[in-house]
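A short write-up of the structure that comes next.
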2 protein chains.
Amino acid sequence: MKIAEVSKRYGIPQETLRYYERVNVIPKIARENGIRNFTEDDCIWVQFAKCLRAAGLSVEAIIEYRRLTLIGDSTIEARCELLKSEREKLIDQKRSIDEALELLNYKVSRYEEAVKTGVLSWDKK
Amino acid sequence: MKIAEVSKRYGIPQETLRYYERVNVIPKIARENGIRNFTEDDCIWVQFAKCLRAAGLSVEAIIEYRRLTLIGDSTIEARCELLKSEREKLIDQKRSIDEALELLNYKVSRYEEAVKTGVLSWDKK
DNA sequence: GTATGATTTAAAGTTGACTCCAAGTTAGGT
DNA sequence: ACCTAACTTGGAGTCAACTTTAAATCATAC
């Protein structure tokens with residue numbers, strides 16, 4: 001699979017895919033006549049990276065995880081700890097979002113009331 | 001209230017508070033002999049910014065919201081739309097996090113099994 | 001076989017959000 | 001009055017994560 005297809009399939013710019021390969025977020029892609037040919041296994045890494053990046057994991061964390069997988073079974077515990085640590089961060093982040101959502105919901109409800117009734121009642125909280 | 005106290009109260013570096021003031025994330029703080037004296041109203045903005053930034057809103061979005069509030073009641077609808085749009089983004093972001101959490105939970109459970117049993121069973125998904 | 005479009009590389013540039021620095025006030029304790 | 005700590009400003013620097021550029025090579029339709 002050429003880079004254009006992978007790019008389209010996952011909605012990731014080609015430039016970003018090349019960058020991901022360069023910094024080891026994804027594997028080194030085998031070339032055919034100098035042109036990248038993504039395997040399905042490569043695509044699994046692309047998808048993995050996309051999922052985790054979208055959630056907010058750092059590129060560095062993914063690189064480290066990949067580094068550990070390449071070493072082999074001796075790093076299973078380290079990988080497990082890494083993923084658990086990232087999972088905790090995501091849970092914290094979700095809590096922050098929930099707090100912001102509560103604030104936004106309150107504000108929006110007041111604004112919508114104001115738009116309808118002309119009265120803007122405000123607890124300022 | 002001086003900047004050190006505000007910094008401590010909200011866990012935001014003084015440098016960041018000054019930066020927030022400079023770019024209008026928070027109000028221009030009144031000076032006493034050249035030294036900032038934060039009012040409680042100023043602090044409400046600090047808290048507001050902290051909450052929204054922690055959730056991932058851009059500094060720019062908060063600046064724009066503040067700009068609208070300074071104009072007055074004529075911008076109530078615009079502010080409402082802005083906050084609703086940011087709310088949608090947060091909901092999307094939460095969904096991304098949930099997807100990543102599902103993936104991480106799966107991987108962690110497999111790794112924990114492997115640590116205990118010595119067998120790493122892998123669906124590769 | 002030639003024009004057009006896709007792909008390659010290395011390197012430089014951009015963006016957002018801080019973060020640090022230097023040089024100069026101001027405040028508070030003794 | 002003096003020392004030290006806290007505060008000020010403007011500007012430069014940093015960092016992560018891309019994104020763009022340029023010049024070259026490869027693929028493909030005609």
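Residue numbers start at 1 in each chain; chains themselves are named A, B, ... in the order of the structure tokens; ligands are numbered from 1 in the order shown.
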
Closest pair table for segment 29-52 of chain B residues within 9 Å of segment 6-10 of chain D, only C-alpha atoms (C1' of nucleotides), as a tab-separated table:
residue	atom	partner	partner_atom	distance
B:Gly34	CA	D:DT8	C1'	7.1
B:Ile35	CA	D:DC7	C1'	6.5
B:Arg36	CA	D:DC7	C1'	8.5

Store the residues of this selection in a file with N, CA and C atoms, as a compact mmCIF listing (two decimals), in the first residue's frame.
# COMPACT_ATOMS: atom_id res chain seq x y z
N GLY B 34 2.96 50.08 40.94
CA GLY B 34 3.56 49.27 39.89
C GLY B 34 3.44 47.78 40.11
N ILE B 35 2.85 47.37 41.22
CA ILE B 35 2.75 45.94 41.52
C ILE B 35 1.30 45.46 41.40
N ARG B 36 1.11 44.35 40.69
CA ARG B 36 -0.23 43.83 40.45
C ARG B 36 -0.97 43.51 41.74

With only C-alpha atoms counted and 10 Å as the cut-off, give the residues of chain B in contact with chain A, each with its shortest interatomic distance in Å and the pair that gives it, as CSV.
residue,atom,partner,partner_atom,distance
B:Asp41,CA,A:Lys124,CA,8.9
B:Ile44,CA,A:Lys125,CA,7.4
B:Trp45,CA,A:Lys125,CA,9.8
B:Gln47,CA,A:Lys125,CA,9.5
B:Phe48,CA,A:Leu103,CA,8.5
B:Ala49,CA,A:Ala100,CA,9.9
B:Lys50,CA,A:Ala100,CA,9.5
B:Cys51,CA,A:Ala100,CA,5.8
B:Leu52,CA,A:Ala100,CA,5.6
B:Arg53,CA,A:Ala100,CA,8.8
B:Ala54,CA,A:Ser96,CA,6.0
B:Ala55,CA,A:Ile97,CA,4.5
B:Gly56,CA,A:Ile97,CA,7.7
B:Leu57,CA,A:Ala100,CA,9.2
B:Asp73,CA,A:Leu120,CA,8.8
B:Ile76,CA,A:Tyr111,CA,6.5
B:Glu77,CA,A:Val115,CA,6.6
B:Ala78,CA,A:Tyr111,CA,9.7
B:Arg79,CA,A:Tyr111,CA,7.9
B:Cys80,CA,A:Val108,CA,5.6
B:Glu81,CA,A:Val108,CA,8.4
B:Leu82,CA,A:Val108,CA,9.4
B:Leu83,CA,A:Leu104,CA,6.4
B:Lys84,CA,A:Val108,CA,6.8
B:Glu86,CA,A:Leu104,CA,8.5
B:Arg87,CA,A:Leu101,CA,6.5
B:Glu88,CA,A:Leu101,CA,9.4
B:Leu90,CA,A:Ile97,CA,6.5
B:Ile91,CA,A:Leu101,CA,8.2
B:Asp92,CA,A:Ala55,CA,9.9
B:Gln93,CA,A:Ala55,CA,6.8
B:Lys94,CA,A:Lys94,CA,6.3
B:Arg95,CA,A:Ala55,CA,8.4
B:Ser96,CA,A:Ala55,CA,5.1
B:Ile97,CA,A:Ala55,CA,4.5
B:Asp98,CA,A:Ala55,CA,8.0
B:Glu99,CA,A:Cys51,CA,7.2
B:Ala100,CA,A:Leu52,CA,5.6
B:Leu101,CA,A:Arg87,CA,6.4
B:Glu102,CA,A:Arg87,CA,9.7
B:Leu103,CA,A:Cys51,CA,8.5
B:Leu104,CA,A:Leu83,CA,6.4
B:Asn105,CA,A:Arg87,CA,8.0
B:Lys107,CA,A:Cys80,CA,7.8
B:Val108,CA,A:Cys80,CA,5.6
B:Ser109,CA,A:Cys80,CA,8.6
B:Arg110,CA,A:Cys80,CA,8.9
B:Tyr111,CA,A:Cys80,CA,5.7
B:Glu112,CA,A:Cys80,CA,7.0
B:Ala114,CA,A:Ile76,CA,7.7
B:Val115,CA,A:Glu77,CA,6.6
B:Gly118,CA,A:Asp73,CA,9.6
B:Leu120,CA,A:Asp73,CA,8.8
B:Lys124,CA,A:Ile44,CA,8.0
B:Lys125,CA,A:Ile44,CA,7.4

Superposed chain A (on chain B, all in-order C-alpha pairs) as a short mmCIF file (atom, residue, chain, number, x, y, z; two decimals) with N, CA and C atoms, in the first residue's frame:
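So part30.cif came out as:
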data_model
loop_
_atom_site.label_atom_id
_atom_site.label_comp_id
_atom_site.auth_asym_id
_atom_site.auth_seq_id
_atom_site.Cartn_x
_atom_site.Cartn_y
_atom_site.Cartn_z
N MET A 1 -4.39 40.98 46.29
CA MET A 1 -3.62 39.74 46.34
C MET A 1 -2.46 39.83 45.35
N LYS A 2 -1.25 39.53 45.84
CA LYS A 2 -0.10 39.62 44.94
C LYS A 2 0.02 38.36 44.08
N ILE A 3 0.87 38.49 43.09
CA ILE A 3 0.95 37.42 42.10
C ILE A 3 1.39 36.09 42.71
N ALA A 4 2.27 36.14 43.69
CA ALA A 4 2.77 34.90 44.31
C ALA A 4 1.62 34.12 44.93
N GLU A 5 0.71 34.85 45.55
CA GLU A 5 -0.42 34.18 46.20
C GLU A 5 -1.37 33.55 45.18
N VAL A 6 -1.63 34.30 44.13
CA VAL A 6 -2.51 33.77 43.08
C VAL A 6 -1.87 32.54 42.44
N SER A 7 -0.58 32.65 42.21
CA SER A 7 0.17 31.54 41.61
C SER A 7 0.04 30.28 42.46
N LYS A 8 0.20 30.47 43.74
CA LYS A 8 0.14 29.33 44.66
C LYS A 8 -1.29 28.77 44.73
N ARG A 9 -2.24 29.70 44.84
CA ARG A 9 -3.64 29.30 44.98
C ARG A 9 -4.13 28.44 43.83
N TYR A 10 -3.69 28.79 42.60
CA TYR A 10 -4.19 28.05 41.44
C TYR A 10 -3.16 27.11 40.81
N GLY A 11 -1.96 27.09 41.39
CA GLY A 11 -0.93 26.21 40.83
C GLY A 11 -0.53 26.60 39.42
N ILE A 12 -0.52 27.91 39.17
CA ILE A 12 -0.11 28.41 37.87
C ILE A 12 1.13 29.26 38.06
N PRO A 13 2.21 29.01 37.29
CA PRO A 13 3.44 29.80 37.45
C PRO A 13 3.16 31.30 37.29
N GLN A 14 3.87 32.11 38.02
CA GLN A 14 3.74 33.56 37.91
C GLN A 14 3.96 34.02 36.47
N GLU A 15 4.95 33.43 35.83
CA GLU A 15 5.27 33.79 34.45
C GLU A 15 4.05 33.57 33.55
N THR A 16 3.35 32.49 33.81
CA THR A 16 2.17 32.18 33.01
C THR A 16 1.06 33.18 33.29
N LEU A 17 0.91 33.56 34.53
CA LEU A 17 -0.11 34.56 34.87
C LEU A 17 0.19 35.88 34.15
N ARG A 18 1.46 36.28 34.16
CA ARG A 18 1.84 37.52 33.47
C ARG A 18 1.56 37.40 31.97
N TYR A 19 1.92 36.24 31.45
CA TYR A 19 1.66 35.97 30.03
C TYR A 19 0.15 36.03 29.74
N TYR A 20 -0.64 35.43 30.59
CA TYR A 20 -2.10 35.44 30.41
C TYR A 20 -2.64 36.88 30.41
N GLU A 21 -2.09 37.68 31.29
CA GLU A 21 -2.54 39.07 31.32
C GLU A 21 -2.15 39.78 30.02
N ARG A 22 -0.92 39.55 29.61
CA ARG A 22 -0.40 40.23 28.43
C ARG A 22 -1.22 39.93 27.19
N VAL A 23 -1.65 38.66 27.04
CA VAL A 23 -2.39 38.29 25.82
C VAL A 23 -3.91 38.32 26.03
N ASN A 24 -4.33 38.83 27.19
CA ASN A 24 -5.76 39.01 27.48
C ASN A 24 -6.56 37.74 27.73
N VAL A 25 -5.91 36.73 28.28
CA VAL A 25 -6.66 35.57 28.76
C VAL A 25 -7.37 35.96 30.06
N ILE A 26 -6.72 36.82 30.81
CA ILE A 26 -7.30 37.37 32.05
C ILE A 26 -7.28 38.90 31.93
N PRO A 27 -7.98 39.59 32.81
CA PRO A 27 -8.03 41.06 32.72
C PRO A 27 -6.66 41.70 32.97
N LYS A 28 -6.55 42.98 32.56
CA LYS A 28 -5.41 43.77 32.96
C LYS A 28 -5.53 44.00 34.45
N ILE A 29 -4.52 43.57 35.18
CA ILE A 29 -4.59 43.65 36.64
C ILE A 29 -4.14 45.04 37.10
N ALA A 30 -4.93 45.64 38.00
CA ALA A 30 -4.56 46.96 38.51
C ALA A 30 -3.27 46.87 39.32
N ARG A 31 -2.45 47.96 39.21
CA ARG A 31 -1.16 47.98 39.92
C ARG A 31 -1.23 48.89 41.14
N GLU A 32 -0.48 48.52 42.17
CA GLU A 32 -0.26 49.42 43.30
C GLU A 32 1.24 49.60 43.42
N ASN A 33 1.68 50.81 43.19
CA ASN A 33 3.13 51.09 43.11
C ASN A 33 3.80 50.19 42.09
N GLY A 34 3.09 49.95 41.00
CA GLY A 34 3.68 49.15 39.95
C GLY A 34 3.54 47.66 40.15
N ILE A 35 2.96 47.25 41.27
CA ILE A 35 2.84 45.81 41.56
C ILE A 35 1.38 45.37 41.45
N ARG A 36 1.19 44.25 40.75
CA ARG A 36 -0.17 43.76 40.50
C ARG A 36 -0.91 43.44 41.80
N ASN A 37 -2.17 43.85 41.83
CA ASN A 37 -3.04 43.53 42.96
C ASN A 37 -4.29 42.85 42.42
N PHE A 38 -4.29 41.51 42.47
CA PHE A 38 -5.41 40.75 41.93
C PHE A 38 -6.65 40.89 42.81
N THR A 39 -7.79 41.24 42.20
CA THR A 39 -9.06 41.24 42.93
C THR A 39 -9.66 39.83 42.85
N GLU A 40 -10.73 39.63 43.60
CA GLU A 40 -11.42 38.34 43.52
C GLU A 40 -12.01 38.12 42.13
N ASP A 41 -12.47 39.20 41.53
CA ASP A 41 -12.99 39.09 40.16
C ASP A 41 -11.90 38.66 39.18
N ASP A 42 -10.72 39.21 39.38
CA ASP A 42 -9.59 38.78 38.54
C ASP A 42 -9.36 37.28 38.73
N CYS A 43 -9.44 36.85 39.98
CA CYS A 43 -9.20 35.44 40.29
C CYS A 43 -10.22 34.52 39.64
N ILE A 44 -11.45 35.02 39.53
CA ILE A 44 -12.47 34.21 38.85
C ILE A 44 -12.06 33.94 37.41
N TRP A 45 -11.46 34.96 36.78
CA TRP A 45 -10.97 34.75 35.42
C TRP A 45 -9.81 33.79 35.38
N VAL A 46 -8.95 33.87 36.38
CA VAL A 46 -7.82 32.94 36.44
C VAL A 46 -8.34 31.51 36.54
N GLN A 47 -9.31 31.33 37.39
CA GLN A 47 -9.88 30.00 37.59
C GLN A 47 -10.58 29.50 36.33
N PHE A 48 -11.33 30.40 35.72
CA PHE A 48 -12.02 30.09 34.47
C PHE A 48 -11.01 29.63 33.42
N ALA A 49 -9.96 30.41 33.26
CA ALA A 49 -8.93 30.07 32.27
C ALA A 49 -8.26 28.75 32.61
N LYS A 50 -7.98 28.55 33.88
CA LYS A 50 -7.32 27.32 34.28
C LYS A 50 -8.17 26.10 33.95
N CYS A 51 -9.44 26.19 34.28
CA CYS A 51 -10.36 25.09 34.03
C CYS A 51 -10.43 24.76 32.54
N LEU A 52 -10.58 25.79 31.73
CA LEU A 52 -10.74 25.55 30.29
C LEU A 52 -9.44 25.12 29.63
N ARG A 53 -8.33 25.71 30.06
CA ARG A 53 -7.04 25.31 29.50
C ARG A 53 -6.72 23.86 29.84
N ALA A 54 -7.03 23.47 31.08
CA ALA A 54 -6.75 22.09 31.51
C ALA A 54 -7.53 21.10 30.64
N ALA A 55 -8.70 21.52 30.21
CA ALA A 55 -9.52 20.63 29.38
C ALA A 55 -9.03 20.61 27.94
N GLY A 56 -8.23 21.60 27.57
CA GLY A 56 -7.69 21.59 26.22
C GLY A 56 -8.14 22.73 25.33
N LEU A 57 -8.96 23.65 25.85
CA LEU A 57 -9.34 24.81 25.02
C LEU A 57 -8.09 25.61 24.69
N SER A 58 -8.08 26.21 23.52
CA SER A 58 -6.92 27.02 23.15
C SER A 58 -6.95 28.35 23.89
N VAL A 59 -5.77 28.89 24.09
CA VAL A 59 -5.64 30.23 24.65
C VAL A 59 -6.44 31.21 23.78
N GLU A 60 -6.36 31.02 22.49
CA GLU A 60 -7.04 31.91 21.55
C GLU A 60 -8.55 31.93 21.78
N ALA A 61 -9.13 30.77 22.03
CA ALA A 61 -10.57 30.69 22.25
C ALA A 61 -10.98 31.49 23.49
N ILE A 62 -10.16 31.38 24.52
CA ILE A 62 -10.48 32.09 25.76
C ILE A 62 -10.35 33.61 25.55
N ILE A 63 -9.32 33.99 24.81
CA ILE A 63 -9.13 35.40 24.50
C ILE A 63 -10.34 35.94 23.74
N GLU A 64 -10.79 35.18 22.78
CA GLU A 64 -11.94 35.61 21.98
C GLU A 64 -13.20 35.73 22.85
N TYR A 65 -13.37 34.77 23.71
CA TYR A 65 -14.52 34.81 24.62
C TYR A 65 -14.47 36.07 25.49
N ARG A 66 -13.29 36.33 26.01
CA ARG A 66 -13.12 37.52 26.83
C ARG A 66 -13.37 38.81 26.05
N ARG A 67 -12.88 38.82 24.83
CA ARG A 67 -13.09 39.98 23.97
C ARG A 67 -14.59 40.25 23.82
N LEU A 68 -15.34 39.19 23.62
CA LEU A 68 -16.79 39.34 23.45
C LEU A 68 -17.45 39.85 24.73
N THR A 69 -17.02 39.33 25.87
CA THR A 69 -17.63 39.79 27.13
C THR A 69 -17.37 41.28 27.34
N LEU A 70 -16.21 41.73 26.91
CA LEU A 70 -15.88 43.14 27.12
C LEU A 70 -16.74 44.06 26.26
N ILE A 71 -17.18 43.55 25.13
CA ILE A 71 -18.02 44.36 24.25
C ILE A 71 -19.39 44.59 24.90
N GLY A 72 -19.91 43.56 25.55
CA GLY A 72 -21.19 43.73 26.25
C GLY A 72 -22.30 42.82 25.75
N ASP A 73 -23.52 43.16 26.12
CA ASP A 73 -24.67 42.29 25.90
C ASP A 73 -24.95 41.98 24.43
N SER A 74 -24.47 42.84 23.55
CA SER A 74 -24.72 42.59 22.12
C SER A 74 -24.04 41.31 21.65
N THR A 75 -23.12 40.79 22.43
CA THR A 75 -22.38 39.59 21.99
C THR A 75 -22.82 38.32 22.70
N ILE A 76 -23.95 38.40 23.37
CA ILE A 76 -24.40 37.23 24.13
C ILE A 76 -24.59 36.02 23.23
N GLU A 77 -25.22 36.22 22.10
CA GLU A 77 -25.42 35.08 21.21
C GLU A 77 -24.09 34.53 20.68
N ALA A 78 -23.21 35.44 20.32
CA ALA A 78 -21.90 35.01 19.81
C ALA A 78 -21.14 34.22 20.87
N ARG A 79 -21.21 34.69 22.11
CA ARG A 79 -20.53 33.97 23.20
C ARG A 79 -21.14 32.59 23.38
N CYS A 80 -22.45 32.55 23.31
CA CYS A 80 -23.15 31.28 23.46
C CYS A 80 -22.71 30.30 22.37
N GLU A 81 -22.63 30.79 21.15
CA GLU A 81 -22.21 29.93 20.03
C GLU A 81 -20.77 29.47 20.22
N LEU A 82 -19.93 30.40 20.64
CA LEU A 82 -18.53 30.05 20.87
C LEU A 82 -18.41 28.92 21.91
N LEU A 83 -19.12 29.10 23.01
CA LEU A 83 -19.02 28.09 24.07
C LEU A 83 -19.61 26.75 23.62
N LYS A 84 -20.68 26.82 22.84
CA LYS A 84 -21.27 25.57 22.36
C LYS A 84 -20.32 24.86 21.41
N SER A 85 -19.63 25.63 20.59
CA SER A 85 -18.67 25.03 19.67
C SER A 85 -17.51 24.39 20.43
N GLU A 86 -17.03 25.07 21.45
CA GLU A 86 -15.94 24.50 22.25
C GLU A 86 -16.42 23.26 23.01
N ARG A 87 -17.66 23.31 23.43
CA ARG A 87 -18.23 22.16 24.14
C ARG A 87 -18.27 20.94 23.23
N GLU A 88 -18.62 21.15 21.98
CA GLU A 88 -18.63 20.03 21.02
C GLU A 88 -17.24 19.43 20.87
N LYS A 89 -16.25 20.32 20.81
CA LYS A 89 -14.87 19.82 20.67
C LYS A 89 -14.47 18.97 21.87
N LEU A 90 -14.88 19.43 23.04
CA LEU A 90 -14.53 18.67 24.25
C LEU A 90 -15.21 17.30 24.25
N ILE A 91 -16.44 17.28 23.78
CA ILE A 91 -17.15 15.99 23.73
C ILE A 91 -16.45 15.04 22.76
N ASP A 92 -16.01 15.57 21.62
CA ASP A 92 -15.24 14.77 20.67
C ASP A 92 -13.95 14.26 21.32
N GLN A 93 -13.29 15.16 22.01
CA GLN A 93 -12.03 14.80 22.64
C GLN A 93 -12.23 13.69 23.67
N LYS A 94 -13.32 13.80 24.37
CA LYS A 94 -13.64 12.77 25.37
C LYS A 94 -13.86 11.42 24.69
N ARG A 95 -14.49 11.46 23.54
CA ARG A 95 -14.71 10.21 22.81
C ARG A 95 -13.37 9.60 22.39
N SER A 96 -12.46 10.46 21.92
CA SER A 96 -11.13 9.96 21.54
C SER A 96 -10.43 9.32 22.74
N ILE A 97 -10.58 9.95 23.88
CA ILE A 97 -9.94 9.41 25.08
C ILE A 97 -10.55 8.06 25.43
N ASP A 98 -11.86 7.96 25.32
CA ASP A 98 -12.52 6.69 25.64
C ASP A 98 -12.04 5.58 24.71
N GLU A 99 -11.86 5.92 23.45
CA GLU A 99 -11.37 4.92 22.50
C GLU A 99 -9.96 4.47 22.88
N ALA A 100 -9.12 5.43 23.24
CA ALA A 100 -7.75 5.09 23.63
C ALA A 100 -7.76 4.28 24.92
N LEU A 101 -8.64 4.63 25.83
CA LEU A 101 -8.71 3.90 27.10
C LEU A 101 -9.10 2.44 26.86
N GLU A 102 -10.01 2.24 25.93
CA GLU A 102 -10.41 0.87 25.62
C GLU A 102 -9.21 0.08 25.11
N LEU A 103 -8.45 0.71 24.23
CA LEU A 103 -7.24 0.08 23.69
C LEU A 103 -6.23 -0.20 24.79
N LEU A 104 -6.01 0.79 25.63
CA LEU A 104 -5.02 0.63 26.70
C LEU A 104 -5.47 -0.43 27.70
N ASN A 105 -6.76 -0.43 28.01
CA ASN A 105 -7.26 -1.45 28.94
C ASN A 105 -7.02 -2.85 28.41
N TYR A 106 -7.27 -3.01 27.13
CA TYR A 106 -7.06 -4.32 26.51
C TYR A 106 -5.60 -4.73 26.59
N LYS A 107 -4.73 -3.82 26.22
CA LYS A 107 -3.29 -4.12 26.23
C LYS A 107 -2.80 -4.41 27.64
N VAL A 108 -3.19 -3.54 28.56
CA VAL A 108 -2.73 -3.72 29.94
C VAL A 108 -3.19 -5.08 30.47
N SER A 109 -4.42 -5.44 30.17
CA SER A 109 -4.93 -6.72 30.69
C SER A 109 -4.12 -7.88 30.12
N ARG A 110 -3.75 -7.77 28.85
CA ARG A 110 -2.93 -8.84 28.25
C ARG A 110 -1.54 -8.88 28.87
N TYR A 111 -0.99 -7.70 29.10
CA TYR A 111 0.35 -7.65 29.68
C TYR A 111 0.33 -8.18 31.11
N GLU A 112 -0.73 -7.84 31.84
CA GLU A 112 -0.78 -8.31 33.23
C GLU A 112 -0.92 -9.82 33.28
N GLU A 113 -1.69 -10.34 32.34
CA GLU A 113 -1.82 -11.79 32.22
C GLU A 113 -0.45 -12.40 31.92
N ALA A 114 0.25 -11.76 31.00
CA ALA A 114 1.57 -12.26 30.60
C ALA A 114 2.55 -12.25 31.77
N VAL A 115 2.49 -11.18 32.55
CA VAL A 115 3.38 -11.08 33.70
C VAL A 115 3.09 -12.21 34.68
N LYS A 116 1.79 -12.52 34.86
CA LYS A 116 1.41 -13.55 35.83
C LYS A 116 1.65 -14.96 35.30
N THR A 117 1.21 -15.22 34.08
CA THR A 117 1.23 -16.59 33.56
C THR A 117 2.42 -16.89 32.66
N GLY A 118 3.10 -15.84 32.23
CA GLY A 118 4.21 -16.07 31.32
C GLY A 118 3.77 -16.21 29.88
N VAL A 119 2.44 -16.14 29.67
CA VAL A 119 1.94 -16.28 28.29
C VAL A 119 1.39 -14.94 27.79
N LEU A 120 1.88 -14.52 26.65
CA LEU A 120 1.41 -13.26 26.07
C LEU A 120 0.52 -13.58 24.87
N SER A 121 -0.80 -13.57 25.13
CA SER A 121 -1.73 -13.87 24.03
C SER A 121 -2.19 -12.56 23.42
N TRP A 122 -2.17 -12.53 22.14
CA TRP A 122 -2.22 -11.25 21.46
C TRP A 122 -3.16 -11.27 20.26
N ASP A 123 -4.16 -10.42 20.30
CA ASP A 123 -5.06 -10.35 19.15
C ASP A 123 -4.57 -9.33 18.13
N LYS A 124 -3.54 -8.60 18.52
CA LYS A 124 -2.89 -7.63 17.64
C LYS A 124 -3.80 -6.46 17.24
N LYS A 125 -5.02 -6.52 17.69
CA LYS A 125 -5.97 -5.45 17.28
C LYS A 125 -5.54 -4.10 17.77
#

task = Return as a list of chain:residue names the residues belonging to chain C that are within 8 Å of chain B, counting only C-alpha atoms (C1' of nucleotides).
result = C:DA17, C:DC18, C:DT19, C:DT26

Please write the residues from the selection above to a file, keeping N, CA, C and O atoms (P, O5', C5', C4', C3', O3' and C1' of nucleotides), as an mmCIF file, in the first residue's frame.
data_model
loop_
_atom_site.group_PDB
_atom_site.id
_atom_site.type_symbol
_atom_site.label_atom_id
_atom_site.label_comp_id
_atom_site.auth_asym_id
_atom_site.auth_seq_id
_atom_site.Cartn_x
_atom_site.Cartn_y
_atom_site.Cartn_z
ATOM 1 P P DA C 17 -2.645 27.606 22.306
ATOM 2 O "O5'" DA C 17 -1.483 27.549 23.391
ATOM 3 C "C5'" DA C 17 -1.006 26.278 23.813
ATOM 4 C "C4'" DA C 17 0.148 26.467 24.748
ATOM 5 C "C3'" DA C 17 -0.088 27.535 25.846
ATOM 6 O "O3'" DA C 17 0.283 27.015 27.104
ATOM 7 C "C1'" DA C 17 1.948 27.884 24.765
ATOM 8 P P DC C 18 -0.272 27.617 28.463
ATOM 9 O "O5'" DC C 18 0.594 28.941 28.703
ATOM 10 C "C5'" DC C 18 1.755 28.950 29.496
ATOM 11 C "C4'" DC C 18 2.864 28.143 28.884
ATOM 12 C "C3'" DC C 18 4.104 28.090 29.744
ATOM 13 O "O3'" DC C 18 4.578 26.762 29.816
ATOM 14 C "C1'" DC C 18 4.648 28.852 27.572
ATOM 15 P P DT C 19 5.367 26.276 31.104
ATOM 16 O "O5'" DT C 19 6.744 27.087 31.047
ATOM 17 C "C5'" DT C 19 7.808 26.591 30.252
ATOM 18 C "C4'" DT C 19 8.974 27.541 30.293
ATOM 19 C "C3'" DT C 19 9.382 28.036 31.681
ATOM 20 O "O3'" DT C 19 10.695 27.530 31.899
ATOM 21 C "C1'" DT C 19 9.409 29.789 30.078
ATOM 22 P P DT C 26 9.478 52.044 41.932
ATOM 23 O "O5'" DT C 26 9.192 50.850 42.955
ATOM 24 C "C5'" DT C 26 8.337 49.783 42.565
ATOM 25 C "C4'" DT C 26 8.141 48.846 43.735
ATOM 26 C "C3'" DT C 26 7.832 49.540 45.065
ATOM 27 O "O3'" DT C 26 6.664 48.911 45.572
ATOM 28 C "C1'" DT C 26 9.564 47.967 45.332
#

Write out as CSV a residue-level contact list of chain D versus chain A with cut-off 12 Å: for each qualifying residue the closest pair of atoms and the distance in Å to one decimal, counting only C-alpha atoms (C1' of nucleotides), rows sorted by chain and residue number upward.
residue,atom,partner,partner_atom,distance
D:DA16,C1',A:Ser58,CA,8.4
D:DA17,C1',A:Val59,CA,7.9
D:DC18,C1',A:Thr16,CA,6.9
D:DT19,C1',A:Glu15,CA,7.4
D:DT20,C1',A:Glu15,CA,9.4
D:DT25,C1',A:Gly34,CA,8.7
D:DC26,C1',A:Asn33,CA,7.8
D:DA27,C1',A:Ile35,CA,10.4

Residues of the last selection are to be written out with C-alpha atoms (C1' of nucleotides), as an mmCIF file, in the first residue's frame.
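Saved file result-v4.cif follows:
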data_model
loop_
_atom_site.group_PDB
_atom_site.id
_atom_site.type_symbol
_atom_site.label_atom_id
_atom_site.label_comp_id
_atom_site.auth_asym_id
_atom_site.auth_seq_id
_atom_site.Cartn_x
_atom_site.Cartn_y
_atom_site.Cartn_z
ATOM 1 C "C1'" DA D 16 6.478 19.461 20.926
ATOM 2 C "C1'" DA D 17 4.521 18.255 16.879
ATOM 3 C "C1'" DC D 18 4.136 18.943 12.925
ATOM 4 C "C1'" DT D 19 4.452 21.410 8.047
ATOM 5 C "C1'" DT D 20 6.711 23.334 4.214
ATOM 6 C "C1'" DT D 25 13.434 10.358 -8.714
ATOM 7 C "C1'" DC D 26 9.611 7.187 -10.008
ATOM 8 C "C1'" DA D 27 5.161 5.822 -12.185
#

ask   = Just asking: which residues within segment 24-91 of chain B are strand (DSSP E) according to DSSP, as a PyMOL selection string?
value = chain B and resi 31-32+35-36

Selected residues, N, CA and C atoms, written as a PDB file, in the first residue's frame, please.
ATOM      1  N   ARG B  31      -2.534  47.992  39.140  1.00  0.00           N
ATOM      2  CA  ARG B  31      -1.252  48.044  39.846  1.00  0.00           C
ATOM      3  C   ARG B  31      -1.349  48.956  41.067  1.00  0.00           C
ATOM      4  N   GLU B  32      -0.594  48.612  42.100  1.00  0.00           N
ATOM      5  CA  GLU B  32      -0.404  49.526  43.232  1.00  0.00           C
ATOM      6  C   GLU B  32       1.090  49.740  43.366  1.00  0.00           C
ATOM      7  N   ILE B  35       2.853  47.370  41.220  1.00  0.00           N
ATOM      8  CA  ILE B  35       2.746  45.939  41.519  1.00  0.00           C
ATOM      9  C   ILE B  35       1.302  45.465  41.398  1.00  0.00           C
ATOM     10  N   ARG B  36       1.114  44.349  40.690  1.00  0.00           N
ATOM     11  CA  ARG B  36      -0.230  43.834  40.448  1.00  0.00           C
ATOM     12  C   ARG B  36      -0.969  43.512  41.741  1.00  0.00           C
TER      13      ARG B  36
END

Contact residues around DA22 of chain D with only C-alpha atoms (C1' of nucleotides) at 12 Å, ignoring same-chain residues under 5 positions, as a PyMOL selection string = chain C and resi 8-12

key: Residue contacts of DT28 of chain D (10 Å, only C-alpha atoms (C1' of nucleotides)) excluding same-chain residues fewer than 3 positions away, as a PyMOL selection string   = chain C and resi 4-6
